[in-house]
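Student: The file below is query.cif, mmCIF, C-alpha atoms:
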```cif
data_input
loop_
_atom_site.label_atom_id
_atom_site.label_comp_id
_atom_site.auth_asym_id
_atom_site.auth_seq_id
_atom_site.Cartn_x
_atom_site.Cartn_y
_atom_site.Cartn_z
CA MET M 1 87.31 90.25 74.39
CA SER M 2 90.92 89.68 75.46
CA GLY M 3 92.53 91.70 78.21
CA ARG M 4 94.89 93.37 75.74
CA ARG M 5 92.01 94.49 73.55
CA LEU M 6 90.18 95.86 76.57
CA LEU M 7 93.23 97.95 77.46
CA VAL M 8 93.49 99.25 73.90
CA LEU M 9 89.80 100.16 74.05
CA LEU M 10 90.45 102.00 77.31
CA PHE M 11 93.26 103.89 75.59
CA VAL M 12 90.92 104.93 72.76
CA LEU M 13 88.31 106.09 75.27
CA THR M 14 90.88 108.26 77.09
CA LEU M 15 92.22 109.92 73.91
CA PRO M 16 89.58 112.72 73.99
CA LEU M 17 90.94 113.63 77.44
CA VAL M 18 94.45 114.34 76.14
CA SER M 19 95.24 118.03 76.46
CA PRO M 20 97.54 119.25 73.65
CA ARG M 21 99.10 122.06 75.66
CA LEU M 22 102.42 122.81 77.33
CA ARG M 23 101.99 124.80 80.53
CA GLY M 24 104.98 124.50 82.85
CA ALA M 25 108.73 124.67 82.96
CA ASP M 26 109.39 120.93 82.73
CA GLU M 27 107.18 120.50 79.69
CA ILE M 28 108.78 123.44 77.90
CA GLU M 29 112.27 122.13 78.65
CA TYR M 30 111.50 118.69 77.19
CA PHE M 31 109.85 120.18 74.12
CA ALA M 32 112.70 122.66 73.60
CA TRP M 33 115.11 119.79 72.88
CA LEU M 34 112.86 118.59 70.08
CA ARG M 35 112.05 121.91 68.48
CA SER M 36 115.63 123.18 68.72
CA ALA M 37 117.06 120.01 67.14
CA ALA M 38 114.48 119.89 64.34
CA PHE M 39 114.43 123.57 63.37
CA ASP M 40 117.49 125.35 64.79
CA ARG M 41 119.90 122.41 65.01
CA ASP M 42 121.55 123.86 68.09
CA LEU M 43 121.47 123.67 71.86
CA ASP M 44 120.40 127.27 72.41
CA PHE M 45 116.88 127.17 73.82
CA ALA M 46 116.43 130.92 74.36
CA ASN M 47 114.04 131.38 71.43
CA GLU M 48 111.94 128.38 72.50
CA TYR M 49 111.73 129.75 76.03
CA ARG M 50 110.75 133.24 74.82
CA HIS M 51 108.05 131.79 72.58
CA PHE M 52 106.23 130.08 75.45
CA TYR M 53 106.80 132.91 77.91
CA GLU M 54 105.35 135.55 75.57
CA ARG M 55 102.15 133.55 75.26
CA ASP M 56 101.62 133.37 79.03
CA PRO M 57 103.78 136.01 80.77
CA GLN M 58 101.64 136.04 83.90
CA GLY M 59 101.59 132.29 84.38
CA LEU M 60 105.29 131.86 83.57
CA GLN M 61 106.84 134.54 85.76
CA GLY M 62 108.84 131.98 87.70
CA PHE M 63 109.88 130.33 84.45
CA ARG M 64 111.20 133.65 83.14
CA GLN M 65 113.31 134.23 86.25
CA THR M 66 115.06 130.88 85.92
CA PHE M 67 115.20 130.10 82.23
CA LEU M 68 115.34 133.52 80.56
CA GLU M 69 117.24 135.57 83.12
CA LEU M 70 119.74 132.98 84.38
CA ARG M 71 122.46 131.09 82.51
CA GLU M 72 124.65 128.08 83.18
CA PRO M 73 127.53 129.37 85.33
CA LEU M 74 130.30 127.60 83.39
CA THR M 75 129.15 128.08 79.79
CA GLY M 76 126.69 130.98 79.80
CA ARG M 77 124.18 128.90 77.84
CA PRO M 78 120.43 128.80 78.59
CA ILE M 79 119.52 126.31 81.30
CA ASN M 80 117.77 123.04 80.52
CA PHE M 81 117.40 120.59 83.39
CA GLY M 82 115.35 118.08 81.36
CA PRO M 83 117.02 115.16 79.59
CA LEU M 84 116.54 114.64 75.85
CA GLY M 85 114.90 111.20 75.88
CA SER M 86 111.30 112.42 75.69
CA ALA M 87 112.17 114.51 72.65
CA LEU M 88 113.70 111.43 71.06
CA LEU M 89 110.56 109.36 71.62
CA TRP M 90 108.31 112.21 70.51
CA SER M 91 110.30 112.79 67.32
CA PRO M 92 108.41 110.34 65.02
CA PHE M 93 105.10 111.98 65.94
CA TYR M 94 106.63 115.44 65.60
CA LEU M 95 108.06 114.74 62.14
CA LEU M 96 104.74 113.32 60.98
CA ALA M 97 103.05 116.48 62.24
CA HIS M 98 105.56 118.59 60.30
CA LEU M 99 104.84 116.62 57.14
CA GLY M 100 101.12 117.11 57.70
CA VAL M 101 101.61 120.84 58.22
CA LEU M 102 103.59 121.14 54.98
CA VAL M 103 100.88 119.28 53.07
CA ALA M 104 98.18 121.44 54.67
CA ARG M 105 100.02 124.62 53.76
CA ALA M 106 100.42 123.44 50.19
CA LEU M 107 96.65 123.04 50.10
CA GLY M 108 96.14 126.60 51.35
CA ALA M 109 95.90 126.22 55.13
CA GLY M 110 97.34 128.97 57.29
CA VAL M 111 98.90 126.81 60.00
CA ALA M 112 102.45 127.86 60.83
CA ALA M 113 105.27 125.46 59.96
CA ASP M 114 107.42 126.81 62.78
CA GLY M 115 107.63 123.82 65.11
CA PHE M 116 105.50 125.62 67.72
CA SER M 117 101.96 125.59 66.33
CA LEU M 118 99.24 123.29 67.59
CA PRO M 119 100.01 120.25 65.39
CA TYR M 120 103.57 120.10 66.73
CA VAL M 121 102.60 120.43 70.38
CA ALA M 122 99.74 117.98 69.91
CA ALA M 123 102.14 115.49 68.34
CA ALA M 124 104.30 115.47 71.46
CA CYS M 125 101.31 115.23 73.80
CA TYR M 126 99.60 112.42 71.92
CA GLY M 127 103.00 110.76 71.56
CA SER M 128 103.22 110.61 75.36
CA ALA M 129 99.79 109.00 75.51
CA VAL M 130 100.77 106.39 72.91
CA TRP M 131 104.08 105.55 74.61
CA GLY M 132 102.38 105.37 78.01
CA CYS M 133 99.77 102.97 76.67
CA ALA M 134 102.55 100.85 75.12
CA GLY M 135 104.22 100.66 78.53
CA LEU M 136 100.99 99.53 80.17
CA LEU M 137 100.53 96.86 77.50
CA LEU M 138 104.05 95.62 78.19
CA ALA M 139 103.18 95.38 81.88
CA HIS M 140 100.07 93.38 81.02
CA ASP M 141 102.05 91.07 78.73
CA ALA M 142 104.66 90.53 81.44
CA LEU M 143 101.96 89.50 83.92
CA ARG M 144 100.54 86.96 81.50
CA ARG M 145 103.77 85.73 79.91
CA PHE M 146 106.33 85.69 82.73
CA PHE M 147 104.25 85.39 85.89
CA ASP M 148 101.31 83.38 84.56
CA VAL M 149 98.74 85.78 86.00
CA SER M 150 95.30 84.82 84.76
CA GLU M 151 92.65 87.07 83.30
CA PRO M 152 90.91 89.21 84.35
CA ALA M 153 93.35 89.83 87.20
CA ALA M 154 96.09 90.99 84.81
CA SER M 155 93.99 93.44 82.81
CA TRP M 156 92.07 94.72 85.84
CA SER M 157 95.32 95.42 87.68
CA VAL M 158 96.85 97.34 84.79
CA ALA M 159 93.63 99.28 84.18
CA ALA M 160 93.39 100.16 87.88
CA LEU M 161 96.95 101.48 87.94
CA TRP M 162 96.13 103.49 84.82
CA LEU M 163 93.01 105.11 86.26
CA ALA M 164 93.69 105.17 90.01
CA THR M 165 97.20 106.70 90.07
CA PRO M 166 98.86 109.80 88.56
CA VAL M 167 99.35 107.79 85.34
CA LEU M 168 95.93 109.02 84.18
CA TYR M 169 96.78 112.64 84.85
CA TYR M 170 100.13 112.54 83.05
CA LEU M 171 98.80 110.70 80.02
CA THR M 172 95.83 113.06 79.56
CA VAL M 173 95.82 116.36 81.44
CA ALA M 174 99.59 116.96 81.42
CA PRO M 175 101.13 114.72 78.73
CA GLY M 176 103.87 117.25 78.01
CA PHE M 177 105.80 115.91 81.00
CA SER M 178 108.20 113.00 80.54
CA HIS M 179 106.17 110.47 82.51
CA GLY M 180 104.39 108.73 79.65
CA CYS M 181 107.73 108.15 77.93
CA SER M 182 109.23 107.11 81.27
CA LEU M 183 106.52 104.51 81.83
CA PHE M 184 107.28 103.00 78.41
CA ALA M 185 111.08 103.06 78.63
CA VAL M 186 111.16 101.43 82.08
CA ALA M 187 108.55 98.85 81.07
CA LEU M 188 110.55 97.99 77.96
CA THR M 189 113.74 97.58 79.99
CA LEU M 190 112.13 95.28 82.55
CA TRP M 191 110.11 93.35 79.97
CA LEU M 192 113.28 92.61 77.97
CA PHE M 193 115.10 91.63 81.17
CA LEU M 194 112.38 89.17 82.14
CA ARG M 195 112.25 87.73 78.63
CA TRP M 196 116.00 87.33 78.15
CA ARG M 197 117.34 86.79 81.66
CA GLU M 198 118.54 83.31 80.63
CA ALA M 199 119.86 84.49 77.24
CA GLY M 200 123.39 85.32 76.16
CA ALA M 201 125.32 88.56 76.06
CA ALA M 202 123.85 89.74 72.73
CA ARG M 203 120.33 89.85 74.17
CA TRP M 204 121.58 91.44 77.36
CA ALA M 205 123.03 94.22 75.23
CA LEU M 206 119.47 95.03 74.14
CA VAL M 207 118.37 95.13 77.77
CA GLY M 208 121.18 97.60 78.43
CA ALA M 209 120.18 99.69 75.43
CA ALA M 210 116.61 99.92 76.74
CA GLY M 211 117.97 100.91 80.16
CA GLY M 212 120.07 103.60 78.52
CA LEU M 213 116.94 104.91 76.82
CA ALA M 214 115.15 104.95 80.17
CA ALA M 215 117.99 107.06 81.61
CA LEU M 216 117.75 109.37 78.59
CA VAL M 217 114.11 110.00 79.45
CA ARG M 218 114.67 110.47 83.18
CA GLU M 219 118.10 109.94 84.72
CA GLN M 220 116.60 108.29 87.81
CA ASP M 221 115.04 105.61 85.60
CA GLY M 222 118.50 104.29 84.84
CA LEU M 223 118.43 102.87 88.37
CA PHE M 224 115.98 100.21 87.19
CA LEU M 225 119.01 98.51 85.64
CA VAL M 226 119.80 97.34 89.16
CA ALA M 227 117.14 94.63 88.63
CA PRO M 228 119.05 92.79 85.87
CA GLY M 229 122.31 93.59 87.69
CA LEU M 230 121.16 91.86 90.88
CA TRP M 231 119.77 88.96 88.91
CA LEU M 232 123.21 88.47 87.35
CA LEU M 233 124.67 88.13 90.83
CA PHE M 234 122.01 85.61 91.76
CA ASP M 235 122.66 83.69 88.55
CA LEU M 236 126.39 83.71 89.24
CA TRP M 237 125.75 82.22 92.70
CA ARG M 238 123.43 79.61 91.17
CA ARG M 239 125.53 78.55 88.18
CA ARG M 240 129.05 79.48 89.24
CA ASP M 241 129.73 80.60 85.64
CA LEU M 242 131.84 83.72 86.07
CA ARG M 243 132.62 84.13 82.37
CA ALA M 244 128.97 84.16 81.31
CA ALA M 245 128.05 86.60 84.09
CA LEU M 246 130.88 88.96 83.15
CA LEU M 247 130.00 88.92 79.45
CA ARG M 248 126.35 89.65 80.13
CA GLY M 249 127.20 92.29 82.70
CA LEU M 250 129.58 94.03 80.30
CA ALA M 251 127.02 93.89 77.50
CA LEU M 252 124.40 95.35 79.82
CA GLY M 253 126.57 98.18 81.15
CA LEU M 254 128.40 99.17 77.97
CA THR M 255 125.30 99.39 75.79
CA ALA M 256 123.46 101.37 78.48
CA LEU M 257 126.39 103.78 78.62
CA ALA M 258 126.58 104.01 74.81
CA VAL M 259 122.89 104.88 74.49
CA PHE M 260 123.14 107.43 77.30
CA ALA M 261 126.34 108.99 75.84
CA PRO M 262 124.50 111.62 73.71
CA GLN M 263 123.02 113.04 76.91
CA MET M 264 126.46 113.25 78.49
CA LEU M 265 127.79 115.10 75.43
CA ALA M 266 124.79 117.42 75.46
CA TYR M 267 125.39 118.15 79.14
CA ARG M 268 129.01 118.92 78.35
CA ALA M 269 127.96 121.44 75.71
CA LEU M 270 125.26 122.98 77.91
CA ASN M 271 126.87 123.25 81.32
CA GLY M 272 130.53 122.29 80.90
CA THR M 273 130.33 118.89 82.66
CA PHE M 274 129.40 115.39 81.55
CA GLY M 275 126.59 115.26 84.09
CA PRO M 276 123.53 117.28 85.10
CA SER M 277 123.88 120.97 85.73
CA PRO M 278 125.67 122.06 88.93
CA LEU M 279 122.41 123.87 89.68
CA VAL M 280 120.79 120.43 89.96
CA LYS M 281 123.61 118.65 91.78
CA ARG M 282 123.49 121.11 94.65
CA LYS M 283 119.91 120.00 95.33
CA MET M 284 120.94 116.42 96.12
CA SER M 285 121.62 114.87 99.52
CA TRP M 286 122.73 111.30 98.88
CA ALA M 287 121.85 110.13 102.40
CA SER M 288 118.19 110.43 101.30
CA PRO M 289 116.96 112.25 104.42
CA HIS M 290 113.38 112.23 103.12
CA PHE M 291 113.18 108.51 102.34
CA LEU M 292 110.15 107.79 104.54
CA GLU M 293 108.50 111.15 103.93
CA VAL M 294 108.39 110.39 100.20
CA LEU M 295 106.08 107.50 101.04
CA PHE M 296 104.12 108.57 104.10
CA ASP M 297 104.19 112.35 104.47
CA PRO M 298 100.55 113.45 104.98
CA ALA M 299 100.79 116.28 102.45
CA HIS M 300 103.06 114.78 99.81
CA GLY M 301 103.49 111.04 100.44
CA LEU M 302 103.11 108.59 97.57
CA TYR M 303 100.72 106.36 99.52
CA LEU M 304 98.52 109.28 100.63
CA TRP M 305 98.02 110.57 97.09
CA SER M 306 97.63 107.08 95.61
CA PRO M 307 96.63 104.53 98.27
CA LEU M 308 96.31 101.83 95.61
CA LEU M 309 100.11 101.89 95.33
CA LEU M 310 100.42 100.89 99.00
CA VAL M 311 98.28 97.84 98.22
CA ALA M 312 100.44 97.11 95.16
CA THR M 313 103.65 97.42 97.20
CA LEU M 314 102.37 94.97 99.80
CA GLY M 315 101.35 92.71 96.95
CA LEU M 316 104.98 92.31 95.90
CA TRP M 317 105.54 90.29 99.08
CA TRP M 318 102.51 88.16 98.28
CA ALA M 319 103.77 87.63 94.71
CA TRP M 320 107.12 86.44 96.06
CA ARG M 321 105.48 84.14 98.59
CA ARG M 322 103.38 82.54 95.88
CA ARG M 323 105.87 82.18 93.04
CA ARG M 324 109.37 82.45 94.56
CA ASP M 325 110.58 83.93 91.28
CA SER M 326 114.10 85.24 91.78
CA ALA M 327 113.35 88.26 89.59
CA LEU M 328 110.83 89.64 92.08
CA PRO M 329 113.34 90.68 94.79
CA CYS M 330 115.43 92.29 92.05
CA LEU M 331 112.46 94.34 90.87
CA ALA M 332 111.56 95.24 94.46
CA ALA M 333 115.12 96.46 95.00
CA ALA M 334 114.82 98.67 91.91
CA LEU M 335 111.63 100.17 93.35
CA LEU M 336 113.42 100.75 96.65
CA LEU M 337 116.12 102.69 94.82
CA GLN M 338 113.44 104.93 93.33
CA VAL M 339 112.29 105.78 96.86
CA TRP M 340 115.91 106.46 97.84
CA ILE M 341 116.67 108.79 94.92
CA ASN M 342 113.43 110.71 95.38
CA GLY M 343 114.16 111.09 99.08
CA ALA M 344 117.58 112.49 98.20
CA VAL M 345 116.21 115.44 96.20
CA LEU M 346 115.68 118.79 97.90
CA SER M 347 112.39 119.11 95.98
CA TRP M 348 111.16 115.74 97.27
CA THR M 349 107.71 117.15 97.99
CA GLN M 350 107.00 117.72 94.27
CA ALA M 351 104.83 120.59 95.49
CA GLY M 352 102.60 122.02 92.79
CA ALA M 353 102.46 118.74 90.88
CA PHE M 354 99.61 116.27 90.87
CA GLY M 355 100.64 113.33 93.00
CA SER M 356 104.00 111.61 93.25
CA ARG M 357 104.64 111.86 89.54
CA ARG M 358 108.24 110.66 89.80
CA PHE M 359 106.95 107.14 90.48
CA VAL M 360 104.94 106.83 87.26
CA GLY M 361 107.91 105.05 85.70
CA ALA M 362 107.62 102.33 88.35
CA THR M 363 104.11 101.31 87.23
CA PHE M 364 105.46 98.06 85.76
CA VAL M 365 106.71 96.94 89.18
CA PHE M 366 103.54 98.00 90.96
CA ALA M 367 101.54 95.94 88.46
CA LEU M 368 103.27 92.75 89.62
CA GLY M 369 102.23 93.32 93.21
CA LEU M 370 98.68 94.43 92.48
CA ALA M 371 98.06 91.52 90.10
CA ALA M 372 99.15 89.00 92.72
CA LEU M 373 96.47 90.28 95.11
CA ALA M 374 93.85 90.73 92.37
CA GLU M 375 94.35 87.14 91.29
CA ARG M 376 93.61 86.00 94.82
CA LEU M 377 90.27 87.86 94.69
CA GLN M 378 89.32 87.21 91.08
CA ALA M 379 86.80 84.53 92.04
CA ARG M 380 84.88 87.34 93.74
CA ARG M 381 84.82 89.70 90.77
CA ALA M 382 82.12 91.98 92.13
CA LEU M 383 84.15 92.64 95.28
CA LEU M 384 87.36 93.11 93.30
CA GLY M 385 85.67 95.53 90.91
CA ALA M 386 84.15 97.51 93.77
CA VAL M 387 87.46 97.81 95.63
CA LEU M 388 89.36 98.92 92.53
CA GLY M 389 86.50 101.27 91.67
CA VAL M 390 86.90 103.06 95.01
CA PHE M 391 90.58 103.70 94.26
CA VAL M 392 89.69 104.99 90.78
CA TRP M 393 87.06 107.30 92.26
CA TRP M 394 89.60 108.65 94.76
CA ASN M 395 92.11 109.48 92.03
CA VAL M 396 89.64 111.00 89.57
CA SER M 397 88.06 113.09 92.34
CA LEU M 398 91.49 114.33 93.39
CA MET M 399 92.17 115.29 89.77
CA ALA M 400 88.94 117.30 89.80
CA GLN M 401 89.88 119.03 93.06
CA PHE M 402 93.35 119.77 91.71
CA GLY M 403 92.08 121.13 88.40
CA LEU M 404 89.28 123.22 89.92
CA LYS M 405 91.62 124.51 92.65
CA LEU M 406 89.36 123.19 95.38
CA MET M 407 92.49 122.08 97.24
CA ASP M 408 95.88 123.49 98.04
CA ARG M 409 97.90 122.47 94.98
CA GLN M 410 101.08 122.50 97.05
CA GLY M 411 99.99 119.38 98.94
CA LEU M 412 97.15 117.45 100.55
CA THR M 413 95.45 119.20 103.45
CA TRP M 414 93.46 117.02 105.82
CA PRO M 415 90.58 116.71 106.49
CA ALA M 416 89.57 119.29 103.85
CA VAL M 417 90.60 117.04 100.96
CA ALA M 418 88.56 114.11 102.24
CA VAL M 419 85.53 116.31 102.92
CA ASN M 420 85.67 117.73 99.39
CA GLN M 421 85.90 114.23 97.95
CA LEU M 422 82.59 113.35 99.58
CA THR M 423 80.68 116.64 99.29
CA VAL M 424 81.92 119.20 96.75
CA VAL M 425 83.42 117.04 94.00
CA PRO M 426 80.33 114.84 93.37
CA GLN M 427 78.31 118.00 92.72
CA ARG M 428 80.77 119.39 90.18
CA LEU M 429 82.30 116.32 88.56
CA GLY M 430 79.73 115.99 85.76
CA ARG M 431 80.00 119.61 84.60
CA THR M 432 83.77 119.54 84.99
CA LEU M 433 84.10 116.53 82.70
CA TRP M 434 81.67 118.04 80.18
CA LEU M 435 83.55 121.33 80.01
CA TYR M 436 86.87 119.52 79.86
CA LEU M 437 85.68 117.74 76.73
CA THR M 438 83.85 120.67 75.11
CA ASP M 439 85.13 124.04 76.39
CA ARG M 440 88.37 123.93 78.34
CA GLU M 441 88.79 127.70 78.31
CA GLN M 442 85.49 128.08 80.15
CA LEU M 443 86.61 125.43 82.62
CA LEU M 444 89.79 127.41 83.26
CA ARG M 445 87.75 130.57 83.86
CA GLU M 446 85.48 128.78 86.33
CA SER M 447 88.42 127.34 88.26
CA ARG M 448 90.09 130.70 88.91
#
```
Here is a file; write its structure as structure tokens.

Tutor:
Amino acid sequence: MSGRRLLVLLFVLTLPLVSPRLRGADEIEYFAWLRSAAFDRDLDFANEYRHFYERDPQGLQGFRQTFLELREPLTGRPINFGPLGSALLWSPFYLLAHLGVLVARALGAGVAADGFSLPYVAAACYGSAVWGCAGLLLAHDALRRFFDVSEPAASWSVAALWLATPVLYYLTVAPGFSHGCSLFAVALTLWLFLRWREAGAARWALVGAAGGLAALVREQDGLFLVAPGLWLLFDLWRRRDLRAALLRGLALGLTALAVFAPQMLAYRALNGTFGPSPLVKRKMSWASPHFLEVLFDPAHGLYLWSPLLLVATLGLWWAWRRRRDSALPCLAAALLLQVWINGAVLSWTQAGAFGSRRFVGATFVFALGLAALAERLQARRALLGAVLGVFVWWNVSLMAQFGLKLMDRQGLTWPAVAVNQLTVVPQRLGRTLWLYLTDREQLLRESR
């Protein structure tokens, strides 16, 4: 069986784990764009916010204080910090769900055609899973097509990043976040860049359009356009063709801006500016004072939550040493910018979230580094499988601790987390997985 088919099979096997629920503020904000556009055709999210709050008033007390009691200071409109890109990518699934609901109602079913009922929410959640899988398949194709990574190193690397990082959590347990869509949009941007880096301006316009889509999903993902931008500078130095570089650069930038323009107009209507809310801007410190903490902080660092990503990051150097592909430093620079922007945010700790979720979009870049090291070990498949299996076990066990509240959900606490991984989690993992698949309400009761 080919590596691509194995990854599709893995996707099918993880589908029963997808949770069709929206629990937190971010998820509700993303979904509100979709429901409001489809049913209300406005940018007033108050009714969407009230709907979710009334169904869980105890769990959404903090949500009520921000999103129901406060308003944008310049316009008086309800606050929405989330961009609209996830809603855009969810929309085909959502519209199909609506069609299915209408057919079901015509046949006598009692499901509400209100945009809120289970089929609509499930459409968005399963949409995230589908888009996330598409992004992982693009990463696998890039390894095989552009970097000549052999099998099984390519498929094992992508599968490991899927199962041993927060990707698994945000494609199954919490798919209502934007991270599945982010993974796809960034992967599409970088895949198109690698495919068409020698092409003309028309193809570079498509790269820019994909980058604009990535920024629509998560503004920080627009920074991945620095990879094709830097490559243009390298190509200019190599060819000395200023006209070609300018045409491709203009095509890249203008199409990215054009695709992102609806978000700018929506921001203008919501908060009175063409950028994110002033309530968000005040949380930024552009000197990135938390740059290193984002990576290495014991409680919140990317490499502490997901140690496989440290291996993948080091692997980028090995990939460059082996292939000397000029695109690799450009991709590494884009990853570095993600560290910078996350270190610039006041909420850099991402406390309360599972892992460093803001790096899920960078999975494509991590795959390049991990595959370079996996290829070196592929002759010793048993060893490679065992090493990757340890990382998968670490991530899945952390998910169990997080879900069962066996750990402080505000951050990793040492050595308690490590002790639980070895003692408590193995005793409860089987029942936890069984209840997750068969009776999630009982699992919630047991975890309180």

Student: Write out as JSON, numbers by chain the residues lying within 12 Å of Ala386 (chain M), counting only C-alpha atoms and excluding same-chain residues fewer than 6 positions away.

Tutor: {"M": [156, 160, 374, 377, 378, 380, 392, 393]}

Student: Go ahead and write the residues just picked, C-alpha atoms, as a PDB file, keeping the file's coordinate frame.

Tutor:
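Contents of again_14.pdb, freshly written:
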```
ATOM      1  CA  TRP M 156      92.070  94.720  85.840  1.00  0.00           C
ATOM      2  CA  ALA M 160      93.390 100.160  87.880  1.00  0.00           C
ATOM      3  CA  ALA M 374      93.850  90.730  92.370  1.00  0.00           C
ATOM      4  CA  LEU M 377      90.270  87.860  94.690  1.00  0.00           C
ATOM      5  CA  GLN M 378      89.320  87.210  91.080  1.00  0.00           C
ATOM      6  CA  ARG M 380      84.880  87.340  93.740  1.00  0.00           C
ATOM      7  CA  VAL M 392      89.690 104.990  90.780  1.00  0.00           C
ATOM      8  CA  TRP M 393      87.060 107.300  92.260  1.00  0.00           C
TER       9      TRP M 393
END
```

Student: Taking the file as I've supplied it (selection: the PyMOL selection byres ((chain M and resi 3) around 12)), which residues are included? Please answer as a list of chain:residue names.

Tutor: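 Taken on the displayed file, the PyMOL selection byres ((chain M and resi 3) around 12) yields the residues M:Met1, M:Ser2, M:Arg4, M:Arg5, M:Leu6, M:Leu7, M:Val8, M:Leu9, M:Leu10, M:Leu136, M:Leu137, M:Ala139, M:His140, M:Asp141, M:Leu143, M:Arg144, M:Val149, M:Ser150, M:Glu151, M:Pro152, M:Ala153, M:Ala154, M:Ser155, M:Trp156, M:Ser157, M:Val158, M:Ala159.
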
Student: Run the PyMOL selection byres ((chain M and resi 131-133) around 8) against the file shown and list the residues it catches, as an MDAnalysis selection string.

Tutor: chainID M and resid 8 11 127:130 134:137 171 179:184

Student: Can you write just those residues out, C-alpha atoms, as a PDB file, in the frame of the given file?

Tutor:
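Writing done, so here's out-v7.pdb:
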```pdb
ATOM      1  CA  VAL M   8      93.490  99.250  73.900  1.00  0.00           C
ATOM      2  CA  PHE M  11      93.260 103.890  75.590  1.00  0.00           C
ATOM      3  CA  GLY M 127     103.000 110.760  71.560  1.00  0.00           C
ATOM      4  CA  SER M 128     103.220 110.610  75.360  1.00  0.00           C
ATOM      5  CA  ALA M 129      99.790 109.000  75.510  1.00  0.00           C
ATOM      6  CA  VAL M 130     100.770 106.390  72.910  1.00  0.00           C
ATOM      7  CA  ALA M 134     102.550 100.850  75.120  1.00  0.00           C
ATOM      8  CA  GLY M 135     104.220 100.660  78.530  1.00  0.00           C
ATOM      9  CA  LEU M 136     100.990  99.530  80.170  1.00  0.00           C
ATOM     10  CA  LEU M 137     100.530  96.860  77.500  1.00  0.00           C
ATOM     11  CA  LEU M 171      98.800 110.700  80.020  1.00  0.00           C
ATOM     12  CA  HIS M 179     106.170 110.470  82.510  1.00  0.00           C
ATOM     13  CA  GLY M 180     104.390 108.730  79.650  1.00  0.00           C
ATOM     14  CA  CYS M 181     107.730 108.150  77.930  1.00  0.00           C
ATOM     15  CA  SER M 182     109.230 107.110  81.270  1.00  0.00           C
ATOM     16  CA  LEU M 183     106.520 104.510  81.830  1.00  0.00           C
ATOM     17  CA  PHE M 184     107.280 103.000  78.410  1.00  0.00           C
TER      18      PHE M 184
END
```

Student: Please report, as JSON lines, each residue of region 267-361 of chain M lying at most 10 Å from region 39-63 of chain M, together with the nearest pair of atoms and the separation in Å rounded to one decimal; use only C-alpha atoms, and order rows by chain and ascending residue number.

Tutor:
```
{"residue": "M:Tyr267", "atom": "CA", "partner": "M:Leu43", "partner_atom": "CA", "distance": 9.9}
{"residue": "M:Ala269", "atom": "CA", "partner": "M:Leu43", "partner_atom": "CA", "distance": 7.9}
{"residue": "M:Leu270", "atom": "CA", "partner": "M:Leu43", "partner_atom": "CA", "distance": 7.2}
```

Student: Residues within 10 Å of Ala87 (chain M), please, as a ChimeraX atom specification. Count all atoms listed in the file; anything in the same chain fewer than 5 positions from it doesn't count.

Tutor: /M:29-35,37,82,92,94,124,127,178,181,216-217

Student: Store the residues picked out above, limited to C-alpha atoms, as a JSON list (two decimals), keeping the file's coordinate frame.

Tutor:
```json
[["chain", "number", "residue", "atom", "x", "y", "z"],
["M", 29, "GLU", "CA", 112.27, 122.13, 78.65],
["M", 30, "TYR", "CA", 111.50, 118.69, 77.19],
["M", 31, "PHE", "CA", 109.85, 120.18, 74.12],
["M", 32, "ALA", "CA", 112.70, 122.66, 73.60],
["M", 33, "TRP", "CA", 115.11, 119.79, 72.88],
["M", 34, "LEU", "CA", 112.86, 118.59, 70.08],
["M", 35, "ARG", "CA", 112.05, 121.91, 68.48],
["M", 37, "ALA", "CA", 117.06, 120.01, 67.14],
["M", 82, "GLY", "CA", 115.35, 118.08, 81.36],
["M", 92, "PRO", "CA", 108.41, 110.34, 65.02],
["M", 94, "TYR", "CA", 106.63, 115.44, 65.60],
["M", 124, "ALA", "CA", 104.30, 115.47, 71.46],
["M", 127, "GLY", "CA", 103.00, 110.76, 71.56],
["M", 178, "SER", "CA", 108.20, 113.00, 80.54],
["M", 181, "CYS", "CA", 107.73, 108.15, 77.93],
["M", 216, "LEU", "CA", 117.75, 109.37, 78.59],
["M", 217, "VAL", "CA", 114.11, 110.00, 79.45]]
```

Student: Report the distance between CA of Val121 (chain M) and CA of Leu433 (chain M) in Å, rounded to one decimal place.

Tutor: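 Those two atoms sit 22.6 Å apart.
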
Student: So that I can see what lies close to Pro16 (chain M), please list as a list in words the residues with an atom at most 10 Å from it, counting only C-alpha atoms and leaving out residues fewer than 4 positions away in the same chain.

Tutor: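 Neighbouring residues, sequence-local ones excluded: Phe11, Val12, Thr172, Tyr436, Leu437 and Thr438 of chain M.
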
Student: Please report, as CSV, each residue of region 102-184 of chain M lying at most 12 Å from region 325-330 of chain M, together with the nearest pair of atoms and the separation in Å rounded to one decimal; use only C-alpha atoms, and order rows by chain and ascending residue number.

Tutor:
```
residue,atom,partner,partner_atom,distance
M:Phe146,CA,M:Asp325,CA,9.7
M:Phe147,CA,M:Asp325,CA,8.4
M:Asp148,CA,M:Asp325,CA,11.5
```

Student: What does the PyMOL selection byres ((chain M and resi 337-346) around 10) select in this file, as a ChimeraX atom specification?

Tutor: /M:220-224,226,280-295,302,331-336,347-350,356,358-359,361-362

Student: Around (103.0, 123.1, 58.6) in the file's frame, which residues reach within 12 Å when counting all atoms listed in the file? Return as JSON, numbers by chain?

Tutor: {"M": [94, 95, 96, 97, 98, 99, 100, 101, 102, 103, 104, 105, 106, 107, 108, 109, 110, 111, 112, 113, 114, 115, 116, 117, 118, 119, 120]}

Student: Name the closest residue to Leu17 (chain M) among the candidates M:Ser36, M:Leu232, M:Tyr169, M:Trp196; distances are taken between atoms, counting only C-alpha atoms.

Tutor: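 With only C-alpha atoms as the atom set, the closest residue is M:Tyr169.
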